[in-house]
Every structure is written in C-alpha cells, then in structure tokens.
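Undergrad: The structure file entry_34.txt (compact mmCIF, N, CA and C atoms) is provided below.
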```
# COMPACT_ATOMS: atom_id res chain seq x y z
N MET A 1 -36.78 30.10 4.72
CA MET A 1 -35.59 30.77 4.27
C MET A 1 -36.00 31.86 3.28
N ALA A 2 -35.37 32.99 3.37
CA ALA A 2 -35.70 34.12 2.49
C ALA A 2 -35.34 33.76 1.05
N GLU A 3 -36.14 34.32 0.13
CA GLU A 3 -35.92 34.04 -1.28
C GLU A 3 -34.54 34.55 -1.71
N GLY A 4 -33.83 33.75 -2.48
CA GLY A 4 -32.54 34.14 -2.99
C GLY A 4 -31.38 33.84 -2.06
N ILE A 5 -31.65 33.48 -0.83
CA ILE A 5 -30.58 33.13 0.12
C ILE A 5 -30.47 31.62 0.19
N GLN A 6 -29.33 31.13 -0.11
CA GLN A 6 -29.11 29.69 -0.06
C GLN A 6 -28.37 29.37 1.23
N SER A 7 -28.65 28.20 1.74
CA SER A 7 -27.94 27.80 2.95
C SER A 7 -26.49 27.49 2.60
N LEU A 8 -25.60 27.86 3.50
CA LEU A 8 -24.19 27.55 3.30
C LEU A 8 -23.97 26.06 3.49
N PRO A 9 -23.08 25.49 2.72
CA PRO A 9 -22.81 24.06 2.93
C PRO A 9 -22.19 23.86 4.30
N GLN A 10 -22.51 22.74 4.91
CA GLN A 10 -21.94 22.41 6.21
C GLN A 10 -20.43 22.30 6.06
N LEU A 11 -19.72 22.89 6.98
CA LEU A 11 -18.28 22.73 6.98
C LEU A 11 -17.96 21.27 7.26
N GLU A 12 -17.00 20.77 6.53
CA GLU A 12 -16.60 19.38 6.72
C GLU A 12 -16.01 19.23 8.12
N ARG A 13 -16.58 18.35 8.90
CA ARG A 13 -16.09 18.12 10.25
C ARG A 13 -15.42 16.76 10.30
N CYS A 14 -14.37 16.69 11.03
CA CYS A 14 -13.68 15.42 11.17
C CYS A 14 -14.25 14.68 12.37
N ASP A 15 -14.12 13.40 12.36
CA ASP A 15 -14.53 12.60 13.51
C ASP A 15 -13.32 11.79 13.95
N LEU A 16 -12.76 12.20 15.06
CA LEU A 16 -11.61 11.48 15.62
C LEU A 16 -11.97 10.85 16.97
N SER A 17 -13.25 10.59 17.16
CA SER A 17 -13.70 9.97 18.41
C SER A 17 -12.95 8.66 18.65
N GLY A 18 -12.42 8.51 19.85
CA GLY A 18 -11.73 7.28 20.21
C GLY A 18 -10.28 7.22 19.78
N VAL A 19 -9.78 8.24 19.09
CA VAL A 19 -8.40 8.25 18.62
C VAL A 19 -7.54 9.03 19.63
N ARG A 20 -6.46 8.41 20.08
CA ARG A 20 -5.51 9.07 20.97
C ARG A 20 -4.32 9.56 20.14
N VAL A 21 -4.04 10.86 20.27
CA VAL A 21 -2.98 11.49 19.48
C VAL A 21 -1.96 12.12 20.43
N LEU A 22 -0.69 11.82 20.18
CA LEU A 22 0.39 12.46 20.92
C LEU A 22 1.06 13.46 19.98
N LEU A 23 1.00 14.75 20.34
CA LEU A 23 1.62 15.83 19.59
C LEU A 23 2.94 16.18 20.25
N VAL A 24 4.03 16.21 19.47
CA VAL A 24 5.34 16.51 20.03
C VAL A 24 6.00 17.59 19.18
N ASP A 25 6.20 18.75 19.79
CA ASP A 25 6.79 19.90 19.10
C ASP A 25 7.33 20.85 20.16
N PRO A 26 8.49 21.45 19.96
CA PRO A 26 9.01 22.38 20.96
C PRO A 26 8.25 23.71 21.00
N ASP A 27 7.40 23.98 20.01
CA ASP A 27 6.67 25.24 19.93
C ASP A 27 5.29 25.10 20.59
N GLU A 28 5.13 25.74 21.76
CA GLU A 28 3.86 25.66 22.51
C GLU A 28 2.67 26.17 21.71
N ALA A 29 2.85 27.23 20.93
CA ALA A 29 1.74 27.79 20.15
C ALA A 29 1.25 26.78 19.11
N THR A 30 2.17 26.10 18.47
CA THR A 30 1.80 25.06 17.50
C THR A 30 1.02 23.96 18.19
N LEU A 31 1.52 23.52 19.34
CA LEU A 31 0.83 22.46 20.09
C LEU A 31 -0.57 22.87 20.50
N GLU A 32 -0.72 24.09 21.00
CA GLU A 32 -2.03 24.56 21.44
C GLU A 32 -3.05 24.58 20.31
N GLY A 33 -2.65 25.09 19.15
CA GLY A 33 -3.57 25.15 18.02
C GLY A 33 -4.00 23.78 17.55
N TYR A 34 -3.04 22.89 17.37
CA TYR A 34 -3.37 21.53 16.93
C TYR A 34 -4.19 20.80 17.99
N GLU A 35 -3.80 20.93 19.23
CA GLU A 35 -4.52 20.24 20.31
C GLU A 35 -5.98 20.68 20.36
N ARG A 36 -6.21 21.97 20.28
CA ARG A 36 -7.58 22.49 20.35
C ARG A 36 -8.44 21.91 19.23
N TYR A 37 -7.92 21.94 18.00
CA TYR A 37 -8.72 21.47 16.87
C TYR A 37 -8.96 19.96 16.94
N LEU A 38 -7.91 19.19 17.23
CA LEU A 38 -8.08 17.73 17.32
C LEU A 38 -9.05 17.35 18.42
N ALA A 39 -9.00 18.06 19.55
CA ALA A 39 -9.95 17.79 20.64
C ALA A 39 -11.37 18.12 20.21
N GLU A 40 -11.55 19.21 19.46
CA GLU A 40 -12.88 19.55 18.92
C GLU A 40 -13.40 18.44 18.01
N CYS A 41 -12.48 17.74 17.35
CA CYS A 41 -12.86 16.63 16.48
C CYS A 41 -13.12 15.34 17.26
N GLY A 42 -12.89 15.38 18.57
CA GLY A 42 -13.19 14.22 19.41
C GLY A 42 -11.99 13.40 19.84
N ALA A 43 -10.78 13.78 19.41
CA ALA A 43 -9.58 13.02 19.78
C ALA A 43 -9.20 13.30 21.23
N ALA A 44 -8.60 12.29 21.84
CA ALA A 44 -7.93 12.49 23.12
C ALA A 44 -6.51 12.88 22.77
N VAL A 45 -6.03 14.00 23.30
CA VAL A 45 -4.74 14.55 22.89
C VAL A 45 -3.83 14.74 24.10
N ALA A 46 -2.59 14.30 23.93
CA ALA A 46 -1.53 14.59 24.89
C ALA A 46 -0.45 15.31 24.10
N ARG A 47 0.38 16.07 24.81
CA ARG A 47 1.42 16.80 24.10
C ARG A 47 2.70 16.84 24.91
N ALA A 48 3.81 16.95 24.17
CA ALA A 48 5.13 17.02 24.78
C ALA A 48 5.96 18.02 23.99
N THR A 49 6.95 18.62 24.68
CA THR A 49 7.83 19.58 24.01
C THR A 49 9.26 19.07 23.86
N GLY A 50 9.54 17.86 24.37
CA GLY A 50 10.88 17.30 24.27
C GLY A 50 10.85 15.80 24.13
N GLY A 51 12.00 15.23 23.77
CA GLY A 51 12.09 13.80 23.51
C GLY A 51 11.84 12.92 24.71
N VAL A 52 12.40 13.26 25.85
CA VAL A 52 12.23 12.44 27.05
C VAL A 52 10.77 12.42 27.48
N GLU A 53 10.13 13.59 27.47
CA GLU A 53 8.71 13.68 27.80
C GLU A 53 7.86 12.87 26.82
N CYS A 54 8.24 12.89 25.55
CA CYS A 54 7.53 12.12 24.53
C CYS A 54 7.57 10.63 24.83
N VAL A 55 8.74 10.12 25.16
CA VAL A 55 8.87 8.69 25.44
C VAL A 55 8.03 8.31 26.65
N ALA A 56 8.03 9.14 27.68
CA ALA A 56 7.20 8.86 28.86
C ALA A 56 5.72 8.81 28.49
N LEU A 57 5.28 9.74 27.65
CA LEU A 57 3.88 9.74 27.23
C LEU A 57 3.55 8.58 26.30
N LEU A 58 4.49 8.16 25.47
CA LEU A 58 4.26 6.97 24.65
C LEU A 58 3.94 5.78 25.55
N ARG A 59 4.69 5.67 26.62
CA ARG A 59 4.52 4.55 27.55
C ARG A 59 3.20 4.65 28.31
N ASP A 60 2.85 5.86 28.78
CA ASP A 60 1.67 6.03 29.65
C ASP A 60 0.38 6.29 28.89
N PHE A 61 0.42 7.12 27.87
CA PHE A 61 -0.77 7.52 27.12
C PHE A 61 -1.14 6.53 26.03
N ARG A 62 -0.12 5.83 25.48
CA ARG A 62 -0.29 4.81 24.46
C ARG A 62 -1.14 5.31 23.28
N PRO A 63 -0.62 6.32 22.56
CA PRO A 63 -1.40 6.93 21.48
C PRO A 63 -1.59 6.00 20.29
N HIS A 64 -2.64 6.30 19.52
CA HIS A 64 -2.86 5.60 18.25
C HIS A 64 -2.02 6.22 17.15
N VAL A 65 -1.70 7.52 17.28
CA VAL A 65 -0.92 8.25 16.28
C VAL A 65 0.04 9.19 17.01
N LEU A 66 1.29 9.23 16.55
CA LEU A 66 2.30 10.15 17.06
C LEU A 66 2.60 11.17 15.98
N VAL A 67 2.42 12.46 16.29
CA VAL A 67 2.78 13.55 15.38
C VAL A 67 4.05 14.16 15.96
N LEU A 68 5.16 14.01 15.24
CA LEU A 68 6.47 14.29 15.79
C LEU A 68 7.25 15.32 14.97
N GLU A 69 7.70 16.37 15.64
CA GLU A 69 8.65 17.34 15.07
C GLU A 69 10.04 16.79 15.37
N PRO A 70 10.91 16.63 14.36
CA PRO A 70 12.22 16.02 14.62
C PRO A 70 13.20 16.89 15.39
N GLU A 71 13.02 18.21 15.38
CA GLU A 71 13.96 19.10 16.06
C GLU A 71 13.50 19.34 17.49
N LEU A 72 13.81 18.39 18.38
CA LEU A 72 13.35 18.44 19.77
C LEU A 72 14.51 18.60 20.74
N PRO A 73 14.28 19.32 21.83
CA PRO A 73 15.27 19.30 22.91
C PRO A 73 15.14 18.00 23.70
N TRP A 74 16.17 17.63 24.41
CA TRP A 74 16.15 16.47 25.29
C TRP A 74 15.81 15.19 24.54
N GLY A 75 16.49 14.95 23.46
CA GLY A 75 16.25 13.77 22.64
C GLY A 75 15.57 14.17 21.36
N SER A 76 16.25 14.09 20.27
CA SER A 76 15.70 14.50 18.98
C SER A 76 14.60 13.55 18.54
N GLY A 77 13.95 13.91 17.44
CA GLY A 77 12.93 13.03 16.88
C GLY A 77 13.51 11.67 16.50
N SER A 78 14.72 11.66 15.93
CA SER A 78 15.33 10.38 15.58
C SER A 78 15.69 9.60 16.84
N GLY A 79 16.02 10.29 17.93
CA GLY A 79 16.26 9.62 19.21
C GLY A 79 14.99 8.95 19.72
N VAL A 80 13.86 9.63 19.61
CA VAL A 80 12.58 9.05 20.02
C VAL A 80 12.27 7.82 19.18
N LEU A 81 12.46 7.91 17.86
CA LEU A 81 12.16 6.78 16.98
C LEU A 81 13.10 5.61 17.26
N SER A 82 14.36 5.87 17.55
CA SER A 82 15.30 4.79 17.92
C SER A 82 14.82 4.09 19.18
N TRP A 83 14.40 4.88 20.14
CA TRP A 83 13.91 4.34 21.40
C TRP A 83 12.68 3.46 21.15
N MET A 84 11.79 3.91 20.27
CA MET A 84 10.59 3.13 19.96
C MET A 84 10.94 1.77 19.36
N LEU A 85 11.96 1.74 18.52
CA LEU A 85 12.36 0.48 17.89
C LEU A 85 13.00 -0.48 18.88
N GLU A 86 13.73 0.06 19.84
CA GLU A 86 14.50 -0.78 20.73
C GLU A 86 13.79 -1.18 22.02
N ASP A 87 12.81 -0.43 22.45
CA ASP A 87 12.15 -0.68 23.73
C ASP A 87 10.82 -1.40 23.51
N SER A 88 10.76 -2.65 23.86
CA SER A 88 9.54 -3.44 23.64
C SER A 88 8.39 -2.99 24.55
N GLU A 89 8.68 -2.15 25.53
CA GLU A 89 7.62 -1.62 26.41
C GLU A 89 6.85 -0.48 25.75
N LEU A 90 7.43 0.10 24.70
CA LEU A 90 6.77 1.20 24.01
C LEU A 90 5.86 0.65 22.91
N PRO A 91 4.72 1.30 22.70
CA PRO A 91 3.81 0.82 21.65
C PRO A 91 4.39 1.06 20.25
N THR A 92 3.96 0.27 19.30
CA THR A 92 4.37 0.43 17.89
C THR A 92 3.44 1.43 17.23
N THR A 93 3.57 2.66 17.65
CA THR A 93 2.68 3.74 17.23
C THR A 93 3.04 4.27 15.85
N PRO A 94 2.05 4.40 14.95
CA PRO A 94 2.31 5.01 13.65
C PRO A 94 2.73 6.47 13.81
N VAL A 95 3.65 6.92 12.97
CA VAL A 95 4.26 8.24 13.11
C VAL A 95 4.02 9.11 11.89
N ILE A 96 3.58 10.35 12.16
CA ILE A 96 3.56 11.41 11.16
C ILE A 96 4.63 12.40 11.60
N VAL A 97 5.61 12.64 10.74
CA VAL A 97 6.64 13.64 11.05
C VAL A 97 6.19 14.95 10.43
N LEU A 98 6.17 15.98 11.26
CA LEU A 98 5.76 17.32 10.85
C LEU A 98 6.95 18.23 11.11
N THR A 99 7.58 18.72 10.03
CA THR A 99 8.86 19.40 10.16
C THR A 99 8.91 20.73 9.41
N THR A 100 9.81 21.58 9.85
CA THR A 100 10.07 22.81 9.11
C THR A 100 10.94 22.51 7.90
N GLY A 101 11.66 21.39 7.94
CA GLY A 101 12.53 21.00 6.83
C GLY A 101 13.83 21.77 6.76
N ARG A 102 14.16 22.53 7.81
CA ARG A 102 15.37 23.35 7.78
C ARG A 102 16.64 22.56 8.05
N ASP A 103 16.56 21.54 8.89
CA ASP A 103 17.75 20.78 9.28
C ASP A 103 17.84 19.50 8.45
N LEU A 104 18.62 19.55 7.38
CA LEU A 104 18.71 18.41 6.47
C LEU A 104 19.36 17.19 7.12
N ASP A 105 20.33 17.40 8.02
CA ASP A 105 20.93 16.26 8.71
C ASP A 105 19.89 15.55 9.57
N GLN A 106 19.04 16.32 10.23
CA GLN A 106 17.97 15.73 11.05
C GLN A 106 16.99 14.94 10.17
N LEU A 107 16.65 15.48 9.00
CA LEU A 107 15.74 14.78 8.10
C LEU A 107 16.36 13.50 7.57
N ARG A 108 17.67 13.51 7.29
CA ARG A 108 18.34 12.28 6.84
C ARG A 108 18.24 11.18 7.90
N GLN A 109 18.33 11.58 9.16
CA GLN A 109 18.21 10.60 10.25
C GLN A 109 16.77 10.08 10.35
N ILE A 110 15.81 10.98 10.22
CA ILE A 110 14.39 10.63 10.38
C ILE A 110 13.91 9.67 9.30
N ILE A 111 14.31 9.90 8.05
CA ILE A 111 13.75 9.07 6.97
C ILE A 111 14.28 7.64 6.99
N LYS A 112 15.20 7.33 7.87
CA LYS A 112 15.67 5.95 8.03
C LYS A 112 14.65 5.09 8.77
N PHE A 113 13.67 5.73 9.40
CA PHE A 113 12.69 5.02 10.21
C PHE A 113 11.40 4.82 9.45
N PRO A 114 10.61 3.81 9.85
CA PRO A 114 9.31 3.61 9.21
C PRO A 114 8.34 4.72 9.62
N LEU A 115 7.85 5.48 8.65
CA LEU A 115 6.94 6.59 8.91
C LEU A 115 5.69 6.40 8.07
N TYR A 116 4.57 6.90 8.57
CA TYR A 116 3.36 6.91 7.77
C TYR A 116 3.33 8.12 6.85
N ASP A 117 3.91 9.23 7.31
CA ASP A 117 3.91 10.43 6.49
C ASP A 117 4.98 11.38 7.00
N LEU A 118 5.50 12.19 6.10
CA LEU A 118 6.45 13.25 6.44
C LEU A 118 5.94 14.49 5.74
N VAL A 119 5.61 15.54 6.53
CA VAL A 119 4.98 16.73 6.01
C VAL A 119 5.80 17.95 6.41
N VAL A 120 6.00 18.86 5.46
CA VAL A 120 6.70 20.10 5.75
C VAL A 120 5.67 21.15 6.17
N LYS A 121 5.97 21.82 7.30
CA LYS A 121 5.10 22.89 7.80
C LYS A 121 5.13 24.06 6.84
N PRO A 122 4.10 24.85 6.78
CA PRO A 122 2.94 24.87 7.65
C PRO A 122 1.89 23.85 7.19
N LEU A 123 1.14 23.37 8.14
CA LEU A 123 0.04 22.44 7.89
C LEU A 123 -1.13 22.94 8.73
N SER A 124 -2.27 23.11 8.10
CA SER A 124 -3.43 23.62 8.84
C SER A 124 -3.94 22.56 9.81
N ASP A 125 -4.69 23.02 10.78
CA ASP A 125 -5.31 22.12 11.77
C ASP A 125 -6.17 21.07 11.06
N ARG A 126 -6.94 21.54 10.09
CA ARG A 126 -7.84 20.65 9.35
C ARG A 126 -7.06 19.59 8.56
N GLN A 127 -5.96 20.01 7.91
CA GLN A 127 -5.13 19.06 7.17
C GLN A 127 -4.52 18.02 8.10
N LEU A 128 -4.06 18.47 9.27
CA LEU A 128 -3.50 17.52 10.23
C LEU A 128 -4.56 16.53 10.69
N ALA A 129 -5.76 17.01 10.96
CA ALA A 129 -6.84 16.12 11.40
C ALA A 129 -7.14 15.06 10.33
N LYS A 130 -7.13 15.45 9.06
CA LYS A 130 -7.36 14.49 7.98
C LYS A 130 -6.25 13.44 7.93
N LYS A 131 -5.00 13.88 8.12
CA LYS A 131 -3.88 12.94 8.13
C LYS A 131 -3.98 11.98 9.32
N VAL A 132 -4.33 12.51 10.48
CA VAL A 132 -4.49 11.66 11.67
C VAL A 132 -5.58 10.63 11.43
N ARG A 133 -6.70 11.06 10.85
CA ARG A 133 -7.81 10.13 10.56
C ARG A 133 -7.35 9.03 9.60
N TRP A 134 -6.62 9.42 8.55
CA TRP A 134 -6.13 8.45 7.59
C TRP A 134 -5.18 7.45 8.24
N VAL A 135 -4.24 7.94 9.04
CA VAL A 135 -3.29 7.04 9.70
C VAL A 135 -4.00 6.13 10.69
N ALA A 136 -4.92 6.67 11.46
CA ALA A 136 -5.66 5.84 12.43
C ALA A 136 -6.43 4.74 11.71
N ASP A 137 -7.09 5.08 10.61
CA ASP A 137 -7.84 4.08 9.84
C ASP A 137 -6.91 3.06 9.21
N THR A 138 -5.84 3.53 8.58
CA THR A 138 -4.91 2.63 7.89
C THR A 138 -4.21 1.71 8.86
N SER A 139 -3.72 2.25 9.96
CA SER A 139 -2.96 1.41 10.90
C SER A 139 -3.86 0.40 11.60
N SER A 140 -5.13 0.75 11.86
CA SER A 140 -6.01 -0.21 12.51
C SER A 140 -6.36 -1.34 11.54
N ASN A 141 -6.42 -1.03 10.25
CA ASN A 141 -6.72 -2.06 9.25
C ASN A 141 -5.51 -2.93 8.93
N LEU A 142 -4.31 -2.37 9.06
CA LEU A 142 -3.12 -3.10 8.69
C LEU A 142 -2.29 -3.59 9.88
N GLY A 143 -2.72 -3.29 11.09
CA GLY A 143 -2.01 -3.77 12.25
C GLY A 143 -0.69 -3.08 12.52
N ASN A 144 -0.64 -1.75 12.37
CA ASN A 144 0.57 -0.98 12.66
C ASN A 144 1.79 -1.52 11.89
N VAL A 145 1.65 -1.67 10.60
CA VAL A 145 2.76 -2.17 9.80
C VAL A 145 3.95 -1.24 9.87
N GLY A 146 5.12 -1.76 9.66
CA GLY A 146 6.29 -0.94 9.52
C GLY A 146 7.13 -0.73 10.76
N TRP A 147 6.80 -1.35 11.87
CA TRP A 147 7.60 -1.15 13.08
C TRP A 147 8.19 -2.47 13.55
N PRO A 148 9.16 -2.99 12.83
CA PRO A 148 9.80 -4.24 13.27
C PRO A 148 10.66 -3.97 14.50
N ARG A 149 10.61 -4.82 15.45
CA ARG A 149 11.47 -4.72 16.63
C ARG A 149 12.81 -5.31 16.32
N LYS A 150 13.86 -4.77 16.93
CA LYS A 150 15.21 -5.32 16.75
C LYS A 150 15.36 -6.58 17.58
```
Turn this file's structure into structure tokens for me.
TA:
Amino acid sequence: MAEGIQSLPQLERCDLSGVRVLLVDPDEATLEGYERYLAECGAAVARATGGVECVALLRDFRPHVLVLEPELPWGSGSGVLSWMLEDSELPTTPVIVLTTGRDLDQLRQIIKFPLYDLVVKPLSDRQLAKKVRWVADTSSNLGNVGWPRK
C-alpha cells in the first residue's frame, strides 16, 4: 500500500442468509429497491402490491418476516393482519409496518395488532435490512411472540 493511503473500512454487510422476507407495498419502485438490497444480503424475497396477493404469499412463501405498508389496494394492511389472526392456515409471521404515516385512521387500525416495529418512511435499504435481521433473530429466539389466535 502506498505511504499515507489508508485502507477504507469494510462497509458493514448484513447477513440475511436463510431468512425469507415478504415485502408488501403498492409502490413498485420501493419494492424493487428493498428487494434488490435484501437479496444481496442473502435473503429470499417475495413481494406483493396488494392485500389479497399478500395473503396468498403468506400461505405459499411462509416468510420469516413480513414488511407491510398499511395503505394497500385489495385489502388494507389492517385487513391482512386481521386475516392473519383469524386464519390458522397462515403462519404467525412477525410484522414490521413501514408507512408514510399520512393516513391516521389507517394507523389507528394497524396499532391494534401485535407488531414488532412500526417505522415511518423513508427508511434506507440498509436500515430495513438491520430491522429484518433483528426481527428474524428475536422471533426465532422467542417463538414468534405476540400472535395469539382467536
């Protein structure tokens, strides 16, 4: 190495190997950015743009973490969470709500459900990956606490 030049510190890389993440947001650009970064970190990622599609993927993909925007077409975020509580065929997946925070009525509905985190956008790809890692670690250690079935 040339004199006076120091090596740059390694960028902190996340390791999401073996973690399945379901991203749900009506904004395709948001989904693409998050999906790309999480996949680079080793996560298996599925994505949906509406509530009905989300429920189908919960059943088929069986994610370890659900990242959910509450303002969804074809079944709101609170509709998805209601379905998760009532349908024993759906996994008890830990949920991170990622919202613009504009619709206060929607947020009032969402906070009635057991959530691991509620974050107001914008959230960087790296910050989301850290949250996903934390939720995956916490939920595997605690057995997906917080999702009592009716």
Undergrad: What is the distance, in Å and to one decimal place, between CA of Lys121 (chain A) and CA of Gly42 (chain A)?
TA: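 We find that CA of Lys121 (chain A) and CA of Gly42 (chain A) lie 23.3 Å from each other.
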Undergrad: Name the residues, using the chain letters and numbers of the file, that sit within 8 Å of (8.7, 17.3, 16.3) when counting all atoms listed in the file, and give them as a ChimeraX atom specification.
TA: /A:23-27,49,67-72,76-77,96-100
Undergrad: As a VMD selection string, please: all residues of region 26-140 of chain A that backbone DSSP puts in strand (DSSP E).
TA: chain A and resid 44 to 48 65 to 68 95 to 99 117 to 120
Undergrad: Using only N, CA and C atoms, which of A:Asp60, A:Ser78, A:Ala39, A:Gln127 sits nearest Phe113 (chain A)?
TA: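 Of A:Asp60, A:Ser78, A:Ala39, A:Gln127, the one nearest Phe113 (chain A) is A:Ser78, counting only N, CA and C atoms.
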Undergrad: Do you know which residues are at most 7 Å from Val95 (chain A) counting only N, CA and C atoms, after dropping those on the same chain fewer than 5 positions away, and could you put them as a PyMOL selection string?
TA: chain A and resi 65-68+114-118
Undergrad: Grab the CA of Arg36 (chain A) to CA of Leu81 (chain A) distance for me, in Å with one decimal place.
TA: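 Between CA of Arg36 (chain A) and CA of Leu81 (chain A) the gap is 25.5 Å.
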Undergrad: Between A:Arg59, A:Arg108, A:Arg47, A:His64, which has the minimum distance to Ala136 (chain A) (counting only C-alpha atoms)?
TA: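 Ranked by minimum distance to Ala136 (chain A), first place goes to A:His64.
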Undergrad: I'd like to know which of A:Val80, A:Leu16, A:Lys112, A:Arg62 is closest to Leu38 (chain A), using only N, CA and C atoms.
TA: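 When distances to Leu38 (chain A) are compared using only N, CA and C atoms, the smallest one comes from A:Leu16.
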Undergrad: What does the distance between CA of Lys131 (chain A) and CA of Ser17 (chain A) come to in Å, to one decimal place?
TA: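 Going from CA of Lys131 (chain A) over to CA of Ser17 (chain A) covers 14.5 Å.
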Undergrad: Considering only C-alpha atoms, state which residue in the set A:Pro73, A:Thr138, A:Thr93, A:Asp125 is at the smallest distance from Leu31 (chain A).
TA: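 Smallest separation from Leu31 (chain A) among the options: A:Asp125.
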Undergrad: Could you please write out, as a ChimeraX atom specification, every residue of chain A that DSSP assigns to alpha helix (DSSP H)?
TA: /A:28-40,51-61,77-86,104-110,125-142
Undergrad: Might I get the box with edges along x, y and z of the file that holds all atoms of region 23-39 of chain A listed there, padded by 6 Å on every side, given as centre and edge lengths in Å to one decimal, as AutoDock Vina command-line options?
TA:
```
--center_x -1.2 --center_y 21.3 --center_z 19.7 --size_x 32.4 --size_y 25.0 --size_z 17.6
```
Undergrad: Considering only C-alpha atoms, can you say which of A:Ile110, A:Val21, A:Leu85, A:Leu58 comes closest to Ala46 (chain A)?
TA: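 Distance minimum relative to Ala46 (chain A) lands on A:Val21.
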